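S.K.: So I've got this file, upload.csv, and it contains CSV, C-alpha atoms:
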chain,number,residue,atom,x,y,z
H,1,MET,CA,5.8,-5.9,17.9
H,2,GLU,CA,3.8,-8.3,15.7
H,3,GLN,CA,0.2,-8.9,16.6
H,4,GLU,CA,-3.1,-10.2,15.2
H,5,PHE,CA,-6.5,-8.5,14.8
H,6,GLN,CA,-9.7,-10.3,13.8
H,7,GLY,CA,-11.5,-8.2,11.3
H,8,GLN,CA,-14.7,-8.4,9.2
H,9,ASN,CA,-16.0,-11.9,8.4
H,10,GLY,CA,-13.5,-13.4,10.9
H,11,LEU,CA,-10.5,-12.5,8.7
H,12,ARG,CA,-7.4,-12.4,10.7
H,13,ILE,CA,-5.1,-9.4,10.0
H,14,ARG,CA,-1.5,-9.5,11.0
H,15,TYR,CA,0.1,-6.2,11.9
H,16,SER,CA,3.1,-4.6,13.5
H,17,VAL,CA,3.1,-1.6,15.8
H,18,VAL,CA,6.1,0.5,17.0
H,19,GLY,CA,6.7,3.8,18.6
H,20,GLU,CA,4.8,6.3,20.7
H,21,GLY,CA,2.7,9.4,19.8
H,22,PRO,CA,-0.1,10.1,17.3
H,23,ASP,CA,-1.3,7.1,15.5
H,24,VAL,CA,-0.2,6.6,11.8
H,25,VAL,CA,-1.5,3.6,9.8
H,26,PHE,CA,0.5,2.3,6.9
H,27,VAL,CA,-1.1,0.4,4.0
H,28,HIS,CA,1.0,-1.5,1.5
H,29,GLY,CA,0.4,-1.9,-2.2
H,30,TRP,CA,-0.4,-4.8,-4.6
H,31,ALA,CA,1.8,-8.0,-4.3
H,32,SER,CA,3.4,-6.5,-1.2
H,33,SER,CA,3.1,-6.7,2.6
H,34,ARG,CA,3.7,-4.6,5.7
H,35,ARG,CA,7.4,-5.4,5.4
H,36,MET,CA,7.7,-2.6,2.7
H,37,TRP,CA,7.7,-0.1,5.6
H,38,ASP,CA,10.3,-1.9,7.7
H,39,HIS,CA,13.1,0.6,6.8
H,40,ILE,CA,10.9,3.6,7.1
H,41,LEU,CA,9.2,3.1,10.5
H,42,PRO,CA,12.1,3.1,12.9
H,43,ALA,CA,12.9,6.8,12.2
H,44,LEU,CA,9.2,7.8,12.4
H,45,ALA,CA,8.6,5.7,15.6
H,46,GLN,CA,10.5,8.3,17.5
H,47,ARG,CA,7.5,10.7,17.0
H,48,PHE,CA,4.5,8.5,16.1
H,49,ARG,CA,2.9,5.2,17.0
H,50,CYS,CA,3.2,3.4,13.7
H,51,TRP,CA,0.8,0.6,12.6
H,52,ALA,CA,1.6,-1.5,9.5
H,53,LEU,CA,-0.9,-4.1,8.5
H,54,ASP,CA,-1.0,-6.9,6.0
H,55,LEU,CA,-4.1,-6.5,3.9
H,56,PRO,CA,-6.3,-9.6,3.6
H,57,GLY,CA,-4.7,-11.9,1.1
H,58,PHE,CA,-1.2,-10.6,1.6
H,59,GLY,CA,1.7,-11.2,3.9
H,60,ASP,CA,0.7,-13.2,7.0
H,61,SER,CA,-3.0,-12.2,6.9
H,62,ASP,CA,-5.9,-14.6,6.0
H,63,ARG,CA,-6.7,-15.3,2.4
H,64,PRO,CA,-10.3,-14.5,1.5
H,65,ALA,CA,-12.2,-16.2,-1.3
H,66,PRO,CA,-11.5,-14.8,-4.8
H,67,GLY,CA,-14.9,-13.1,-4.8
H,68,TRP,CA,-14.1,-11.0,-1.7
H,69,TYR,CA,-11.5,-8.8,-3.4
H,70,SER,CA,-12.7,-5.3,-4.1
H,71,ILE,CA,-11.6,-1.8,-3.1
H,72,PRO,CA,-14.7,-1.2,-1.0
H,73,ASN,CA,-13.9,-4.4,1.0
H,74,PHE,CA,-10.3,-3.4,1.4
H,75,THR,CA,-11.6,0.0,2.6
H,76,ALA,CA,-13.9,-1.6,5.1
H,77,ALA,CA,-11.1,-3.8,6.3
H,78,VAL,CA,-8.9,-0.8,7.0
H,79,VAL,CA,-11.7,1.2,8.7
H,80,GLY,CA,-12.5,-1.9,10.8
H,81,PHE,CA,-8.8,-2.2,11.8
H,82,VAL,CA,-8.7,1.4,12.9
H,83,GLU,CA,-11.9,1.4,14.8
H,84,GLY,CA,-11.3,-2.1,16.3
H,85,LEU,CA,-8.0,-1.0,17.8
H,86,GLY,CA,-9.5,2.1,19.3
H,87,MET,CA,-7.7,4.7,17.1
H,88,VAL,CA,-9.4,8.1,16.8
H,89,ARG,CA,-8.7,10.2,13.7
H,90,PRO,CA,-5.3,8.6,12.9
H,91,ARG,CA,-3.0,9.6,10.1
H,92,LEU,CA,-3.2,7.3,7.1
H,93,VAL,CA,-0.4,6.5,4.6
H,94,GLY,CA,-0.9,4.2,1.6
H,95,HIS,CA,1.3,3.2,-1.4
H,96,SER,CA,0.0,2.3,-4.9
H,97,MET,CA,-3.1,0.0,-4.3
H,98,GLY,CA,-2.8,1.0,-0.6
H,99,GLY,CA,-2.9,4.6,-1.7
H,100,MET,CA,-6.1,4.0,-3.6
H,101,ILE,CA,-7.5,2.4,-0.4
H,102,ALA,CA,-6.3,5.3,1.7
H,103,LEU,CA,-7.9,7.9,-0.6
H,104,ASN,CA,-11.1,5.9,-0.6
H,105,VAL,CA,-11.2,5.8,3.2
H,106,ALA,CA,-10.7,9.6,3.3
H,107,GLY,CA,-13.4,10.2,0.6
H,108,ARG,CA,-16.0,7.8,2.1
H,109,HIS,CA,-15.3,8.9,5.7
H,110,PRO,CA,-14.3,12.6,5.5
H,111,GLN,CA,-14.1,13.1,9.3
H,112,ALA,CA,-12.2,9.9,10.1
H,113,LEU,CA,-8.6,11.0,9.4
H,114,GLU,CA,-6.3,13.7,10.8
H,115,ARG,CA,-4.0,13.6,7.8
H,116,LEU,CA,-3.5,11.6,4.6
H,117,VAL,CA,-0.5,10.6,2.5
H,118,ALA,CA,-0.8,8.7,-0.8
H,119,ILE,CA,2.4,7.5,-2.4
H,120,ASN,CA,2.2,6.8,-6.1
H,121,PRO,CA,-1.5,6.0,-5.7
H,122,VAL,CA,-3.8,4.4,-8.2
H,123,VAL,CA,-6.6,6.8,-8.7
H,124,THR,CA,-8.7,5.9,-11.8
H,125,GLY,CA,-7.5,2.4,-12.4
H,126,ARG,CA,-5.2,3.4,-15.3
H,127,VAL,CA,-2.2,1.2,-14.3
H,128,ASN,CA,0.0,-1.4,-16.0
H,129,LEU,CA,-2.3,-4.3,-14.9
H,130,ARG,CA,-4.5,-4.1,-18.0
H,131,PRO,CA,-3.6,-7.8,-19.0
H,132,LEU,CA,-5.9,-8.7,-16.1
H,133,ALA,CA,-8.8,-7.8,-18.3
H,134,ARG,CA,-8.1,-11.2,-20.1
H,135,PRO,CA,-9.0,-13.5,-17.2
H,136,ASP,CA,-7.8,-16.9,-18.5
H,137,PHE,CA,-4.5,-15.5,-19.8
H,138,ALA,CA,-3.8,-13.4,-16.7
H,139,HIS,CA,-4.4,-16.2,-14.2
H,140,ARG,CA,-2.1,-18.6,-16.1
H,141,MET,CA,0.5,-15.8,-16.3
H,142,LEU,CA,0.4,-15.2,-12.6
H,143,ALA,CA,0.6,-18.9,-11.7
H,144,TRP,CA,3.6,-19.2,-14.0
H,145,ALA,CA,5.3,-16.2,-12.4
H,146,LEU,CA,4.8,-17.6,-8.9
H,147,ARG,CA,6.5,-20.9,-10.0
H,148,LEU,CA,9.4,-19.0,-11.6
H,149,SER,CA,9.9,-16.5,-8.8
H,150,PRO,CA,11.6,-18.9,-6.3
H,151,LEU,CA,14.2,-19.7,-9.0
H,152,VAL,CA,14.9,-16.0,-9.4
H,153,LEU,CA,15.0,-15.5,-5.6
H,154,GLN,CA,17.6,-18.2,-4.9
H,155,PRO,CA,20.6,-16.1,-6.1
H,156,LEU,CA,19.4,-13.2,-3.9
H,157,ALA,CA,19.5,-15.4,-0.8
H,158,HIS,CA,23.3,-15.2,-0.8
H,159,PRO,CA,24.6,-14.3,2.8
H,160,MET,CA,26.2,-11.1,1.4
H,161,GLY,CA,22.9,-10.0,-0.3
H,162,HIS,CA,21.9,-7.7,2.6
H,163,ARG,CA,25.2,-5.8,2.2
H,164,VAL,CA,24.6,-4.9,-1.5
H,165,HIS,CA,22.6,-1.6,-1.8
H,166,GLY,CA,19.1,-2.3,-3.1
H,167,LEU,CA,19.4,-6.0,-3.2
H,168,GLN,CA,17.6,-6.5,0.0
H,169,PHE,CA,14.6,-4.6,-1.4
H,170,ILE,CA,14.5,-6.8,-4.5
H,171,ARG,CA,14.6,-9.9,-2.3
H,172,ARG,CA,11.8,-8.6,-0.1
H,173,ARG,CA,9.6,-7.8,-3.1
H,174,THR,CA,10.2,-11.2,-4.6
H,175,GLU,CA,9.5,-12.9,-1.3
H,176,ASP,CA,6.2,-11.0,-0.8
H,177,PHE,CA,5.1,-11.8,-4.4
H,178,CYS,CA,5.8,-15.5,-3.8
H,179,ARG,CA,3.7,-15.6,-0.7
H,180,CYS,CA,0.6,-14.5,-2.6
H,181,SER,CA,-1.6,-17.0,-4.4
H,182,ALA,CA,-2.5,-16.5,-8.1
H,183,ASP,CA,-6.1,-16.0,-7.0
H,184,THR,CA,-5.1,-13.2,-4.6
H,185,LEU,CA,-2.9,-11.4,-7.2
H,186,PHE,CA,-5.5,-11.8,-10.0
H,187,SER,CA,-8.5,-10.8,-8.0
H,188,SER,CA,-7.0,-7.9,-6.2
H,189,GLY,CA,-5.4,-6.6,-9.4
H,190,ARG,CA,-8.8,-6.8,-11.1
H,191,ALA,CA,-10.3,-4.9,-8.2
H,192,VAL,CA,-7.8,-2.1,-8.7
H,193,VAL,CA,-8.3,-1.6,-12.5
H,194,ALA,CA,-12.0,-1.8,-12.1
H,195,TYR,CA,-12.2,1.1,-9.5
H,196,ASP,CA,-12.3,4.8,-10.1
H,197,LEU,CA,-11.9,7.3,-7.2
H,198,SER,CA,-13.0,10.3,-9.3
H,199,PRO,CA,-16.4,10.6,-7.6
H,200,VAL,CA,-15.0,10.8,-4.0
H,201,LEU,CA,-11.9,12.9,-4.4
H,202,ALA,CA,-13.6,16.2,-3.8
H,203,GLN,CA,-15.1,14.8,-0.6
H,204,ILE,CA,-11.7,14.4,1.1
H,205,ALA,CA,-11.4,16.8,4.0
H,206,ALA,CA,-8.2,15.7,5.6
H,207,PRO,CA,-5.0,17.6,4.7
H,208,THR,CA,-3.5,15.5,1.9
H,209,LEU,CA,0.0,14.9,0.6
H,210,LEU,CA,0.7,13.1,-2.7
H,211,LEU,CA,4.2,11.7,-3.0
H,212,VAL,CA,5.1,10.8,-6.6
H,213,GLY,CA,8.0,9.1,-8.2
H,214,GLN,CA,8.6,10.8,-11.5
H,215,GLN,CA,10.0,7.6,-13.1
H,216,ASP,CA,7.1,5.4,-12.0
H,217,ALA,CA,6.5,2.9,-14.8
H,218,ASN,CA,3.6,1.1,-13.0
H,219,VAL,CA,1.3,4.0,-12.0
H,220,PRO,CA,1.5,7.0,-14.3
H,221,PRO,CA,2.3,10.2,-12.3
H,222,SER,CA,-0.7,11.7,-14.1
H,223,GLU,CA,-2.8,9.8,-11.7
H,224,SER,CA,-1.5,11.8,-8.7
H,225,ARG,CA,-1.6,15.1,-10.7
H,226,PHE,CA,-5.3,14.4,-11.4
H,227,ALA,CA,-6.0,13.7,-7.7
H,228,ALA,CA,-4.1,16.8,-6.6
H,229,ARG,CA,-6.4,18.9,-8.7
H,230,GLN,CA,-9.5,17.3,-7.4
H,231,ILE,CA,-8.7,17.1,-3.6
H,232,PRO,CA,-9.2,20.4,-1.9
H,233,GLY,CA,-5.9,21.9,-0.8
H,234,ALA,CA,-3.9,18.8,-1.7
H,235,ARG,CA,-0.1,19.1,-1.9
H,236,LEU,CA,1.8,17.3,-4.7
H,237,HIS,CA,5.5,16.5,-4.2
H,238,LEU,CA,7.5,15.0,-7.1
H,239,MET,CA,10.6,12.9,-6.4
H,240,ARG,CA,13.3,11.4,-8.7
H,241,ALA,CA,12.3,7.8,-8.1
H,242,GLY,CA,10.3,4.9,-9.4
H,243,HIS,CA,7.2,3.2,-8.2
H,244,LEU,CA,8.8,2.1,-4.9
H,245,VAL,CA,9.7,5.6,-3.7
H,246,THR,CA,10.1,4.1,-0.2
H,247,ASP,CA,13.0,1.9,-1.5
H,248,ASP,CA,14.5,4.4,-3.9
H,249,ARG,CA,14.6,7.4,-1.6
H,250,PRO,CA,13.9,6.3,1.9
H,251,GLU,CA,15.5,9.2,3.7
H,252,LYS,CA,13.6,11.7,1.6
H,253,VAL,CA,10.3,9.8,2.2
H,254,VAL,CA,10.9,9.9,6.0
H,255,ALA,CA,11.6,13.6,5.9
H,256,GLN,CA,8.4,14.3,3.9
H,257,LEU,CA,6.3,12.1,6.2
H,258,ALA,CA,7.8,13.4,9.4
H,259,GLY,CA,7.2,17.0,8.4
H,260,PHE,CA,3.7,16.5,7.0
H,261,LEU,CA,2.3,14.1,9.6
H,262,ALA,CA,3.3,16.2,12.6
Since I need it in another form, could you write the structure as structure tokens?
M.R.:
Amino acid sequence: MEQEFQGQNGLRIRYSVVGEGPDVVFVHGWASSRRMWDHILPALAQRFRCWALDLPGFGDSDRPAPGWYSIPNFTAAVVGFVEGLGMVRPRLVGHSMGGMIALNVAGRHPQALERLVAINPVVTGRVNLRPLARPDFAHRMLAWALRLSPLVLQPLAHPMGHRVHGLQFIRRRTEDFCRCSADTLFSSGRAVVAYDLSPVLAQIAAPTLLLVGQQDANVPPSESRFAARQIPGARLHLMRAGHLVTDDRPEKVVAQLAGFLA
């Protein structure tokens, strides 16, 4: 069921909720949306009440001004979402940038979560978004990519596309990218590379699972290995997959989440 929540500064956040049971909140990554969880949640909804939100600037949620984007503001948006909808100590799952936000929630609010899962999270900002350090070039590059992406997307819109393994995931990623503005992509990307979770990792009290694609070309697996060493009692699970572990190995991700979040 798709719904709307009014968060901080009046920003409207769109979200979906399915299932019954303990609350689990899912936070997507950069240039993505809540749709990245669509093929994961049905299996989990048999045991959990699953909430998937579009972060401000992404999907169907409101677009803030460029100066809004920061990991602390994203963190406050997620905390406000949880508290505003009356959840008490939910489980929290985040991917990539969403994993960084989830880890920051857990480190800044140690008693707020029951359990935590970070999938290929950004931890110290060492990701393949470094061209964003050149503002003029990066903004032009993103604007150009947004103009080009619909041309790339057209061949994927063939009626048979949903029957070709993996093609529906490529189409979804391209669509989500196209729905972002250059300001959103640039400002949120800059927020990621400028943030370092190192000071808060040791403060995380919730049982933590780090799911890592060993072939991730976007966020080095070393980021998660570092986090696993710093977070008390954290578990590290390596998988033969890339950055979008949820697309590459959905059944294995569901099995890991179902077992750990229970």
S.K.: To one decimal place, how far is atom CA of H:Leu53 from atom CA of H:Phe74 in Å?
M.R.: 11.8 Å
S.K.: Pick the closest to H:Pro56 from H:Gln230, H:Ser16, H:Asn218, H:Ser188: which is it, counting all atoms listed in the file?
M.R.: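 Looking only at the distances to H:Pro56, the closest residue turns out to be H:Ser188.
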S.K.: Given the choices H:Ala205, H:Met239, H:Leu185, H:Ile101, which gets closest to H:Ala77 if the distance is worked out from all atoms listed in the file?
M.R.: H:Ile101
S.K.: Distance cut-off 9 Å, centre (-6.5, -3.5, -10.0) in file coordinates, counting all atoms listed in the file: which residues qualify? Return them as a PyMOL selection string.
M.R.: chain H and resi 30+70-71+97+122+125-127+129-130+132+186-195
S.K.: Choose the residue, out of H:Leu11, H:Val245, H:Ala76, H:Ala258, that has the smallest atom-to-atom separation from H:Phe169; count all atoms listed in the file.
M.R.: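 Of the candidates, the smallest distance to H:Phe169 is held by H:Val245.
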S.K.: Could you please determine the separation between atom CA of H:Arg229 and atom CA of H:Val24 in Å, to one decimal place?
M.R.: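 A separation of 24.7 Å between them.
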S.K.: Taking into account all atoms listed in the file, which residue in the set H:Arg171, H:Arg63, H:Arg47, H:His243 is nearest to H:Asp23?
M.R.: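 With all atoms listed in the file as the atom set, the closest residue is H:Arg47.
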S.K.: Tell me, as a list in words, which residues lie within 12 Å of H:Met87, counting only C-alpha atoms; anything in the same chain fewer than 3 positions away does not count.
M.R.: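 Result of the neighbour search: Gly21, Pro22, Asp23, Val24, Val25, Arg49, Cys50, Trp51, Val78, Val79, Gly80, Phe81, Val82, Glu83, Gly84, Pro90, Arg91, Leu92, Ala112, Leu113 and Glu114 of chain H.
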S.K.: Next, write the just-selected residues to a file, as a PDB file, in the frame of the given file, keeping C-alpha atoms as the atom set.
M.R.:
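To be explicit, this is the file written out as selection.pdb:
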ATOM      1  CA  GLY H  21       2.700   9.400  19.800  1.00  0.00           C
ATOM      2  CA  PRO H  22      -0.100  10.100  17.300  1.00  0.00           C
ATOM      3  CA  ASP H  23      -1.300   7.100  15.500  1.00  0.00           C
ATOM      4  CA  VAL H  24      -0.200   6.600  11.800  1.00  0.00           C
ATOM      5  CA  VAL H  25      -1.500   3.600   9.800  1.00  0.00           C
ATOM      6  CA  ARG H  49       2.900   5.200  17.000  1.00  0.00           C
ATOM      7  CA  CYS H  50       3.200   3.400  13.700  1.00  0.00           C
ATOM      8  CA  TRP H  51       0.800   0.600  12.600  1.00  0.00           C
ATOM      9  CA  VAL H  78      -8.900  -0.800   7.000  1.00  0.00           C
ATOM     10  CA  VAL H  79     -11.700   1.200   8.700  1.00  0.00           C
ATOM     11  CA  GLY H  80     -12.500  -1.900  10.800  1.00  0.00           C
ATOM     12  CA  PHE H  81      -8.800  -2.200  11.800  1.00  0.00           C
ATOM     13  CA  VAL H  82      -8.700   1.400  12.900  1.00  0.00           C
ATOM     14  CA  GLU H  83     -11.900   1.400  14.800  1.00  0.00           C
ATOM     15  CA  GLY H  84     -11.300  -2.100  16.300  1.00  0.00           C
ATOM     16  CA  PRO H  90      -5.300   8.600  12.900  1.00  0.00           C
ATOM     17  CA  ARG H  91      -3.000   9.600  10.100  1.00  0.00           C
ATOM     18  CA  LEU H  92      -3.200   7.300   7.100  1.00  0.00           C
ATOM     19  CA  ALA H 112     -12.200   9.900  10.100  1.00  0.00           C
ATOM     20  CA  LEU H 113      -8.600  11.000   9.400  1.00  0.00           C
ATOM     21  CA  GLU H 114      -6.300  13.700  10.800  1.00  0.00           C
TER      22      GLU H 114
END
S.K.: Let me make sure I understand: among H:Ala43, H:Ala106, H:Val17, H:Val88, which one has the smallest atom-to-atom distance to H:Glu251 if we use only C-alpha atoms?
M.R.: H:Ala43
S.K.: Between atom CA of H:Val93 and atom CA of H:Phe26, what distance in Å does the model show, to one decimal?
M.R.: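 Taking atom CA of H:Val93 as the start and atom CA of H:Phe26 as the end point, the length is 4.9 Å.
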S.K.: Using only C-alpha atoms, find all polymer residues with an atom at most 12 Å away from the point (-2.7, 12.4, -12.4); report them as number ranges by chain.
M.R.: H: 120-127, 197-198, 210-214, 219-231, 236, 238
S.K.: Rank nothing, just name the residue among H:Ser33, H:Gln46, H:Ser96, H:Asn104 nearest to H:Asp176, using all atoms listed in the file.
M.R.: H:Ser33
